[in-house]
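Structure file protein.txt with compact mmCIF, C-alpha atoms and all ligand atoms:
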```txt
# COMPACT_ATOMS: atom_id res chain seq x y z
CA MET A 1330 15.64 -54.24 -147.07
CA ASN A 1331 12.85 -56.81 -146.85
CA LEU A 1332 12.84 -60.34 -148.12
CA ILE A 1333 10.72 -63.40 -148.65
CA ILE A 1334 12.22 -66.84 -148.09
CA LEU A 1335 10.38 -69.32 -150.29
CA GLY A 1336 10.67 -73.08 -150.64
CA PRO A 1337 8.97 -76.38 -149.94
CA PRO A 1338 8.51 -77.85 -146.46
CA GLY A 1339 11.88 -78.73 -144.98
CA SER A 1340 13.91 -76.74 -147.50
CA GLY A 1341 15.59 -74.76 -144.67
CA LYS A 1342 13.49 -71.57 -144.55
CA GLY A 1343 13.57 -71.44 -140.75
CA THR A 1344 17.21 -72.51 -140.47
CA GLN A 1345 18.43 -69.89 -142.94
CA SER A 1346 16.15 -67.19 -141.49
CA ASP A 1347 17.83 -67.73 -138.10
CA PHE A 1348 21.20 -67.19 -139.77
CA LEU A 1349 20.03 -63.99 -141.51
CA VAL A 1350 18.58 -62.67 -138.25
CA GLU A 1351 21.89 -63.29 -136.46
CA GLN A 1352 23.95 -61.83 -139.28
CA TYR A 1353 21.86 -58.84 -140.37
CA HIS A 1354 19.26 -58.33 -137.59
CA PHE A 1355 16.19 -58.92 -139.70
CA VAL A 1356 12.86 -59.36 -137.94
CA HIS A 1357 11.74 -62.92 -138.68
CA LEU A 1358 8.04 -63.45 -139.36
CA SER A 1359 7.28 -67.17 -139.67
CA THR A 1360 3.58 -67.85 -140.19
CA GLY A 1361 4.11 -71.49 -139.16
CA ASP A 1362 5.60 -70.38 -135.80
CA LEU A 1363 2.81 -67.80 -135.33
CA LEU A 1364 0.15 -70.46 -135.94
CA ARG A 1365 1.83 -72.93 -133.57
CA ASP A 1366 1.86 -70.20 -130.85
CA GLU A 1367 -1.88 -69.67 -131.45
CA ILE A 1368 -2.45 -73.42 -131.04
CA VAL A 1369 -0.55 -73.48 -127.73
CA ALA A 1370 -2.59 -70.45 -126.56
CA LYS A 1371 -5.82 -72.28 -127.62
CA SER A 1372 -7.02 -69.08 -129.32
CA GLU A 1373 -9.84 -69.07 -131.87
CA ILE A 1374 -7.31 -68.92 -134.73
CA GLY A 1375 -5.26 -71.72 -133.15
CA LEU A 1376 -8.27 -73.99 -132.69
CA SER A 1377 -9.37 -73.56 -136.31
CA ALA A 1378 -5.80 -73.87 -137.71
CA LYS A 1379 -4.83 -77.01 -135.80
CA SER A 1380 -6.72 -79.54 -137.90
CA PHE A 1381 -5.36 -78.03 -141.16
CA ILE A 1382 -1.77 -78.11 -139.89
CA ASP A 1383 -2.01 -81.60 -138.43
CA GLN A 1384 -3.23 -82.93 -141.77
CA GLY A 1385 -0.54 -81.02 -143.70
CA LYS A 1386 -3.13 -78.80 -145.41
CA TYR A 1387 -2.95 -75.03 -145.88
CA VAL A 1388 -4.87 -72.73 -143.54
CA PRO A 1389 -7.39 -70.63 -145.55
CA ASP A 1390 -6.15 -67.38 -147.11
CA ASP A 1391 -8.48 -65.08 -145.15
CA VAL A 1392 -7.06 -66.36 -141.84
CA MET A 1393 -3.46 -66.02 -143.03
CA ASN A 1394 -4.01 -62.57 -144.53
CA GLY A 1395 -5.58 -61.40 -141.27
CA ILE A 1396 -2.53 -62.57 -139.29
CA ILE A 1397 -0.09 -60.84 -141.65
CA ASP A 1398 -2.10 -57.63 -141.83
CA ASN A 1399 -1.99 -57.43 -138.07
CA LYS A 1400 1.78 -58.09 -137.82
CA ILE A 1401 3.20 -56.29 -140.81
CA THR A 1402 1.51 -52.95 -140.30
CA ASN A 1403 3.60 -52.39 -137.17
CA LEU A 1404 6.90 -53.53 -138.73
CA LYS A 1405 9.69 -51.25 -139.81
CA ASP A 1406 11.77 -52.23 -142.85
CA ASN A 1407 14.21 -55.14 -142.54
CA PHE A 1408 11.94 -58.14 -142.20
CA ILE A 1409 11.94 -61.71 -143.49
CA LEU A 1410 8.67 -63.36 -144.43
CA ASP A 1411 9.02 -67.12 -143.94
CA GLY A 1412 6.05 -69.26 -145.03
CA TYR A 1413 4.02 -66.35 -146.39
CA PRO A 1414 2.83 -65.74 -149.06
CA ARG A 1415 2.00 -69.31 -150.19
CA THR A 1416 -0.81 -68.71 -152.68
CA ILE A 1417 -1.41 -66.20 -155.45
CA GLY A 1418 -4.27 -64.79 -153.32
CA GLN A 1419 -1.79 -64.17 -150.47
CA VAL A 1420 0.68 -62.51 -152.88
CA LYS A 1421 -1.99 -60.08 -154.06
CA PHE A 1422 -3.03 -59.30 -150.49
CA LEU A 1423 0.60 -58.72 -149.46
CA GLU A 1424 1.17 -56.34 -152.36
CA THR A 1425 -1.82 -54.24 -151.28
CA VAL A 1426 -0.69 -54.14 -147.63
CA LEU A 1427 2.90 -53.22 -148.53
CA GLN A 1428 1.73 -50.43 -150.79
CA LYS A 1429 -0.44 -49.06 -148.00
CA ILE A 1430 2.50 -48.88 -145.55
CA ASN A 1431 5.03 -47.82 -148.19
CA HIS A 1432 7.29 -50.90 -147.97
CA LYS A 1433 8.51 -53.23 -150.68
CA ILE A 1434 10.08 -56.66 -151.09
CA ASP A 1435 13.68 -56.38 -152.34
CA VAL A 1436 14.43 -60.05 -152.96
CA VAL A 1437 12.81 -63.49 -152.88
CA LEU A 1438 15.24 -66.23 -151.82
CA TYR A 1439 14.05 -69.50 -153.31
CA LEU A 1440 15.43 -72.68 -151.70
CA GLU A 1441 15.29 -75.37 -154.36
CA ILE A 1442 15.58 -78.93 -153.06
CA LYS A 1443 14.97 -82.59 -154.03
CA GLU A 1444 11.91 -84.32 -152.51
CA GLN A 1445 13.93 -87.20 -151.02
CA THR A 1446 16.21 -84.75 -149.18
CA ILE A 1447 13.10 -83.06 -147.75
CA VAL A 1448 11.61 -86.29 -146.39
CA ASP A 1449 14.93 -87.35 -144.83
CA ARG A 1450 15.44 -83.95 -143.19
CA LEU A 1451 11.88 -83.61 -141.85
CA LEU A 1452 11.73 -87.06 -140.29
CA ALA A 1453 14.92 -86.20 -138.35
CA ARG A 1454 13.95 -82.63 -137.35
CA LEU A 1455 13.69 -81.53 -133.71
CA VAL A 1456 12.55 -78.08 -132.58
CA CYS A 1457 12.67 -76.08 -129.39
CA PRO A 1458 9.06 -75.26 -128.42
CA VAL A 1459 10.23 -72.14 -126.54
CA CYS A 1460 12.81 -70.33 -128.71
CA LYS A 1461 11.90 -72.19 -131.98
CA THR A 1462 15.51 -73.10 -132.80
CA THR A 1463 15.59 -75.98 -135.28
CA TYR A 1464 17.86 -79.02 -135.03
CA ASN A 1465 18.30 -82.26 -136.91
CA ARG A 1466 19.17 -85.63 -135.36
CA ILE A 1467 21.53 -86.34 -138.24
CA SER A 1468 22.81 -83.12 -139.78
CA MET A 1469 22.49 -80.57 -136.93
CA PRO A 1470 22.20 -82.36 -133.58
CA PRO A 1471 21.99 -80.45 -130.28
CA LYS A 1472 25.15 -80.50 -128.14
CA VAL A 1473 23.54 -82.41 -125.24
CA ASP A 1474 21.02 -85.26 -125.69
CA THR A 1475 17.78 -83.74 -126.99
CA LEU A 1476 17.99 -80.43 -125.13
CA CYS A 1477 18.02 -76.99 -126.79
CA ASP A 1478 21.55 -75.51 -126.83
CA LYS A 1479 20.17 -72.04 -126.06
CA ASP A 1480 17.70 -72.60 -123.21
CA GLN A 1481 18.02 -76.35 -122.34
CA THR A 1482 14.30 -76.98 -123.07
CA PRO A 1483 13.57 -80.59 -124.12
CA LEU A 1484 13.27 -80.63 -127.92
CA ILE A 1485 10.11 -81.93 -129.60
CA GLN A 1486 9.03 -83.31 -132.95
CA ARG A 1487 6.41 -81.22 -134.80
CA THR A 1488 3.00 -82.90 -135.14
CA ASP A 1489 3.17 -82.52 -138.94
CA ASP A 1490 6.60 -84.26 -139.12
CA THR A 1491 5.52 -87.51 -137.51
CA ASP A 1492 4.88 -89.63 -140.58
CA SER A 1493 5.79 -89.59 -144.23
CA ASN A 1494 2.11 -89.46 -145.37
CA LYS A 1495 1.68 -86.04 -143.75
CA ILE A 1496 4.89 -84.88 -145.37
CA VAL A 1497 3.61 -86.05 -148.78
CA THR A 1498 0.36 -84.07 -148.25
CA ARG A 1499 2.41 -80.94 -147.41
CA LEU A 1500 4.51 -81.42 -150.53
CA ASN A 1501 1.36 -81.78 -152.66
CA GLU A 1502 -0.12 -78.60 -151.20
CA TYR A 1503 3.16 -76.83 -151.93
CA ASN A 1504 3.40 -78.13 -155.50
CA VAL A 1505 -0.18 -77.13 -156.37
CA SER A 1506 -0.50 -73.77 -154.57
CA THR A 1507 2.99 -72.37 -153.91
CA GLN A 1508 5.27 -73.56 -156.71
CA PRO A 1509 3.52 -71.16 -159.19
CA LEU A 1510 4.83 -68.26 -157.06
CA VAL A 1511 8.35 -69.09 -158.21
CA ASP A 1512 7.52 -68.07 -161.79
CA TYR A 1513 5.57 -65.07 -160.57
CA PHE A 1514 8.51 -63.67 -158.57
CA ARG A 1515 10.92 -64.57 -161.37
CA SER A 1516 8.81 -62.51 -163.79
CA LYS A 1517 9.06 -59.57 -161.36
CA GLY A 1518 12.87 -59.86 -161.37
CA LEU A 1519 12.96 -60.59 -157.62
CA LEU A 1520 13.91 -64.29 -157.56
CA LYS A 1521 17.31 -65.64 -156.42
CA VAL A 1522 17.63 -69.42 -156.59
CA ILE A 1523 19.73 -71.27 -154.00
CA ASP A 1524 20.51 -74.98 -154.22
CA ALA A 1525 19.25 -76.07 -150.79
CA ASN A 1526 20.57 -79.65 -151.16
CA GLN A 1527 24.01 -78.30 -150.30
CA ASP A 1528 25.58 -78.21 -146.85
CA ASN A 1529 24.71 -75.39 -144.52
CA THR A 1530 28.06 -73.58 -144.75
CA THR A 1531 27.89 -73.36 -148.56
CA ILE A 1532 24.28 -72.14 -148.48
CA ARG A 1533 25.14 -69.44 -145.95
CA GLN A 1534 28.05 -68.17 -148.04
CA GLN A 1535 25.72 -67.85 -151.03
CA LEU A 1536 23.08 -66.06 -148.97
CA LYS A 1537 25.69 -63.58 -147.72
CA GLN A 1538 26.81 -62.84 -151.27
CA ILE A 1539 23.23 -62.20 -152.38
CA ILE A 1540 22.34 -59.96 -149.43
CA GLU A 1541 25.58 -58.00 -149.61
CA ALA A 1542 25.25 -57.48 -153.38
CA ILE A 1543 21.83 -55.89 -152.80
CA HIS A 1544 22.59 -54.09 -149.58
CA GLY A 1545 26.04 -52.84 -150.58
P1 LIG B 1601 5.66 -73.95 -141.67
O1 LIG B 1601 6.06 -74.06 -140.26
O2 LIG B 1601 6.06 -72.77 -142.44
O3 LIG B 1601 6.11 -75.29 -142.40
P2 LIG B 1601 6.69 -75.61 -143.86
O4 LIG B 1601 6.46 -74.61 -144.90
O5 LIG B 1601 6.17 -76.98 -144.10
O6 LIG B 1601 8.21 -75.54 -143.68
P3 LIG B 1601 9.03 -76.15 -142.51
O7 LIG B 1601 9.01 -75.23 -141.33
O8 LIG B 1601 8.58 -77.56 -142.27
O9 LIG B 1601 10.49 -76.26 -143.14
P4 LIG B 1601 11.64 -75.17 -143.28
O10 LIG B 1601 11.75 -74.81 -144.71
O11 LIG B 1601 11.47 -74.06 -142.30
O12 LIG B 1601 12.89 -76.07 -142.91
P5 LIG B 1601 13.81 -76.07 -141.59
O13 LIG B 1601 14.69 -74.87 -141.57
O14 LIG B 1601 13.01 -76.37 -140.38
O15 LIG B 1601 4.08 -74.11 -141.76
C1 LIG B 1601 3.45 -75.17 -141.08
C2 LIG B 1601 2.00 -75.27 -141.51
O16 LIG B 1601 1.31 -74.04 -141.15
C3 LIG B 1601 1.73 -75.42 -143.01
O17 LIG B 1601 1.81 -76.77 -143.43
C4 LIG B 1601 0.30 -74.87 -143.11
O18 LIG B 1601 -0.63 -75.81 -142.63
C5 LIG B 1601 0.33 -73.70 -142.13
N1 LIG B 1601 0.73 -72.43 -142.77
C6 LIG B 1601 1.82 -71.66 -142.47
N2 LIG B 1601 1.86 -70.57 -143.26
C7 LIG B 1601 0.78 -70.64 -144.08
C8 LIG B 1601 0.30 -69.82 -145.14
N3 LIG B 1601 0.94 -68.70 -145.50
N4 LIG B 1601 -0.83 -70.21 -145.80
C9 LIG B 1601 -1.50 -71.33 -145.43
N5 LIG B 1601 -1.10 -72.16 -144.44
C10 LIG B 1601 0.05 -71.82 -143.76
O19 LIG B 1601 14.77 -77.33 -141.93
C11 LIG B 1601 14.24 -78.64 -141.98
C12 LIG B 1601 15.23 -79.64 -141.36
O20 LIG B 1601 16.41 -79.71 -142.18
C13 LIG B 1601 15.73 -79.25 -139.95
O21 LIG B 1601 15.89 -80.41 -139.21
C14 LIG B 1601 17.11 -78.59 -140.23
O22 LIG B 1601 17.98 -78.74 -139.14
C15 LIG B 1601 17.58 -79.38 -141.44
N6 LIG B 1601 18.42 -78.62 -142.38
C16 LIG B 1601 18.19 -77.36 -142.84
N7 LIG B 1601 19.14 -76.99 -143.72
C17 LIG B 1601 19.99 -78.06 -143.83
C18 LIG B 1601 21.17 -78.31 -144.61
N8 LIG B 1601 21.66 -77.40 -145.48
N9 LIG B 1601 21.76 -79.50 -144.50
C19 LIG B 1601 21.26 -80.46 -143.67
N10 LIG B 1601 20.16 -80.29 -142.89
C20 LIG B 1601 19.53 -79.09 -142.98
MG MG B 1602 10.00 -73.51 -140.89
```

Mind turning the file's structure into structure tokens?
Ligand code: AP5
Ligand code: MG
Amino acid sequence: MNLIILGPPGSGKGTQSDFLVEQYHFVHLSTGDLLRDEIVAKSEIGLSAKSFIDQGKYVPDDVMNGIIDNKITNLKDNFILDGYPRTIGQVKFLETVLQKINHKIDVVLYLEIKEQTIVDRLLARLVCPVCKTTYNRISMPPKVDTLCDKDQTPLIQRTDDTDSNKIVTRLNEYNVSTQPLVDYFRSKGLLKVIDANQDNTTIRQQLKQIIEAIHG
């Protein structure tokens, strides 16, 4: 089965994708992580994406669709799309690509969350630049200082998490361009809503129930 994990910045898309990968061996495709890798590699895509990301703006659809086309065509079933699609244009493109390769989306997990919770979580987030594991100074701290539990790399703060103005821009982009996708997927009968304000253990139990009800 294939799924989309949808929700505003900081709603837990990456955190819950990691859990689903561990639990069910999905392949995790995070467009944010892919773009950050392109930036580190100083590729053409990375150089053009950097200024959008640093300002909290969306990267244009043609760039994002190109990245996904390239990645998804080689994927077998059992993938999670995290951070894509984010616009109606991206949804339409995805539908065409999936039809071409004979795959479908089985469920869209929508992480619904209050704006204040988002700001608090993002300002305290730390990430491993190597393995991408996400931590939180308050709710999910690493075991030792600010080192990744898995590979002991020093954790960093993302450049788009550094001040609340950037976070507000990201939320505005989300509200204008991505929130309409919630109704779209609901109308297709694919949407499952999860209250992402809850603690991690409760969210994970609910995700398990949803996946196992579909998967059998
Ligand atoms: P992307 O990296 O996807 O950023 P985002 O959508 O803003 O989402 P985040 O990664 O910030 O949050 P998350 O939902 O993954 O939350 P997390 O699990 O880390 O994209 C970055 C940028 O790339 C975009 O702004 C855009 O510029 C560009 N881009 C990417 N895709 C694009 C596309 N398709 N089109 C156009 N542009 C695109 O959790 C957040 C924090 O909360 C962590 O600290 C975590 O530990 C903590 N936490 C999680 N769950 C809980 C819990 N239940 N309780 C307490 N703490 C929790
Ligand atoms: Mg993420």

Legend entry - Distance query Ile1368 of chain A at most 12 Å, only C-alpha atoms, self and fewer than 4 positions along chain excluded, as a list in words: Gly1361, Asp1362, Leu1363, Leu1364, Ser1372, Glu1373, Ile1374, Gly1375, Leu1376, Ser1377, Ala1378, Lys1379, Ser1380, Phe1381, Ile1382, Asp1383, Pro1458 and Thr1488 of chain A

Could you save the residues just selected, with C-alpha atoms, as a CSV table (one decimal), in the coordinates of the input?
```
chain,number,residue,atom,x,y,z
A,1361,GLY,CA,4.1,-71.5,-139.2
A,1362,ASP,CA,5.6,-70.4,-135.8
A,1363,LEU,CA,2.8,-67.8,-135.3
A,1364,LEU,CA,0.2,-70.5,-135.9
A,1372,SER,CA,-7.0,-69.1,-129.3
A,1373,GLU,CA,-9.8,-69.1,-131.9
A,1374,ILE,CA,-7.3,-68.9,-134.7
A,1375,GLY,CA,-5.3,-71.7,-133.2
A,1376,LEU,CA,-8.3,-74.0,-132.7
A,1377,SER,CA,-9.4,-73.6,-136.3
A,1378,ALA,CA,-5.8,-73.9,-137.7
A,1379,LYS,CA,-4.8,-77.0,-135.8
A,1380,SER,CA,-6.7,-79.5,-137.9
A,1381,PHE,CA,-5.4,-78.0,-141.2
A,1382,ILE,CA,-1.8,-78.1,-139.9
A,1383,ASP,CA,-2.0,-81.6,-138.4
A,1458,PRO,CA,9.1,-75.3,-128.4
A,1488,THR,CA,3.0,-82.9,-135.1
```

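Interatomic distance, atom CA of Ile1334 of chain A against atom CA of Val1436 of chain A: 8.6 Å.
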
Inset, instruction - Could I get the residue neighbourhood of ligand LIG 1601 (chain B) at 7 Å, counting only C-alpha atoms and all ligand atoms, as a ChimeraX atom specification? - result: /A:1336-1345,1359-1362,1364,1381-1382,1385-1390,1393,1411-1415,1450-1451,1453-1455,1463-1465,1468-1469,1499,1525-1529,1532

Inset, instruction - With a distance cut-off of 9 Å and all atoms listed in the file, select the neighbouring residues of Pro1509 of chain A, excluding the residue or stretch itself and same-chain residues fewer than 5 positions from it, and output the selection as a list in words. - result: Thr1416, Ile1417 and Asn1504 of chain A

Legend entry - Computed interatomic separation between atom CA of Leu1536 of chain A and atom CA of Ile1442 of chain A (Å): 15.4 Å

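The smallest atom-to-atom distance between Leu1410 of chain A and any of A:Asn1331, A:Gln1481, A:Asn1431, A:Gln1486, using all atoms listed in the file, is found for A:Asn1331.
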
Legend entry - Counting all atoms listed in the file, the residue of A:Gln1352, A:Asn1403, A:Thr1446, A:Thr1498 that sits nearest Glu1541 of chain A: A:Gln1352

Inset, instruction - Choose the residue, out of A:Lys1443, A:Arg1487, A:Arg1466, A:Lys1421, that has the smallest atom-to-atom separation from ligand MG 1602 (chain B); count only C-alpha atoms and all ligand atoms. - result: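 Of all the options, A:Arg1487 lies closest to ligand MG 1602 (chain B).
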
Inset, instruction - Can you work out the spacing between atom CA of Asn1399 of chain A and atom CA of Val1420 of chain A in Å, to one decimal? - result: 15.9 Å

Inset, instruction - Find, counting all atoms listed in the file, the residue in A:Val1392, A:Val1356, A:Leu1476, A:Val1456 that gets nearest to ligand MG 1602 (chain B). - result: A:Val1456

Please, what is the axis-aligned box for every listed atom of segment 1404-1419 of chain A with 5 Å on each side, as centre and edge lengths in Å to one decimal, as JSON?
```
{"center_x": 5.0, "center_y": -60.3, "center_z": -147.1, "size_x": 28.5, "size_y": 28.1, "size_z": 26.7}
```

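Using all atoms listed in the file for every distance, the candidate list A:Leu1335, A:Met1330, A:Leu1500, A:Leu1438 yields A:Leu1335 as the residue closest to ligand MG 1602 (chain B).
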
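Residues with any atom within 6 Å of the point (13.9, -59.6, -156.4), counting only C-alpha atoms, are Asp1435, Val1436, Val1437, Gly1518, Leu1519 and Leu1520 of chain A.
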
Legend entry - Spatial neighbours of His1432 of chain A, 9 Å, all atoms listed in the file, chain gap at least 5 places, as a PyMOL selection string: chain A and resi 1331+1405-1406+1426-1427

Give me a file of those residues, with C-alpha atoms, as a compact mmCIF listing (two decimals), keeping the file's coordinate frame.
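What follows is the written file again.txt:
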```txt
# COMPACT_ATOMS: atom_id res chain seq x y z
CA ASN A 1331 12.85 -56.81 -146.85
CA LYS A 1405 9.69 -51.25 -139.81
CA ASP A 1406 11.77 -52.23 -142.85
CA VAL A 1426 -0.69 -54.14 -147.63
CA LEU A 1427 2.90 -53.22 -148.53
```

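You can rank A:Ser1506, A:Thr1462, A:Gln1384, A:Gln1534 by their closest distance to ligand MG 1602 (chain B) using only C-alpha atoms and all ligand atoms, and at the top of that list sits A:Thr1462.
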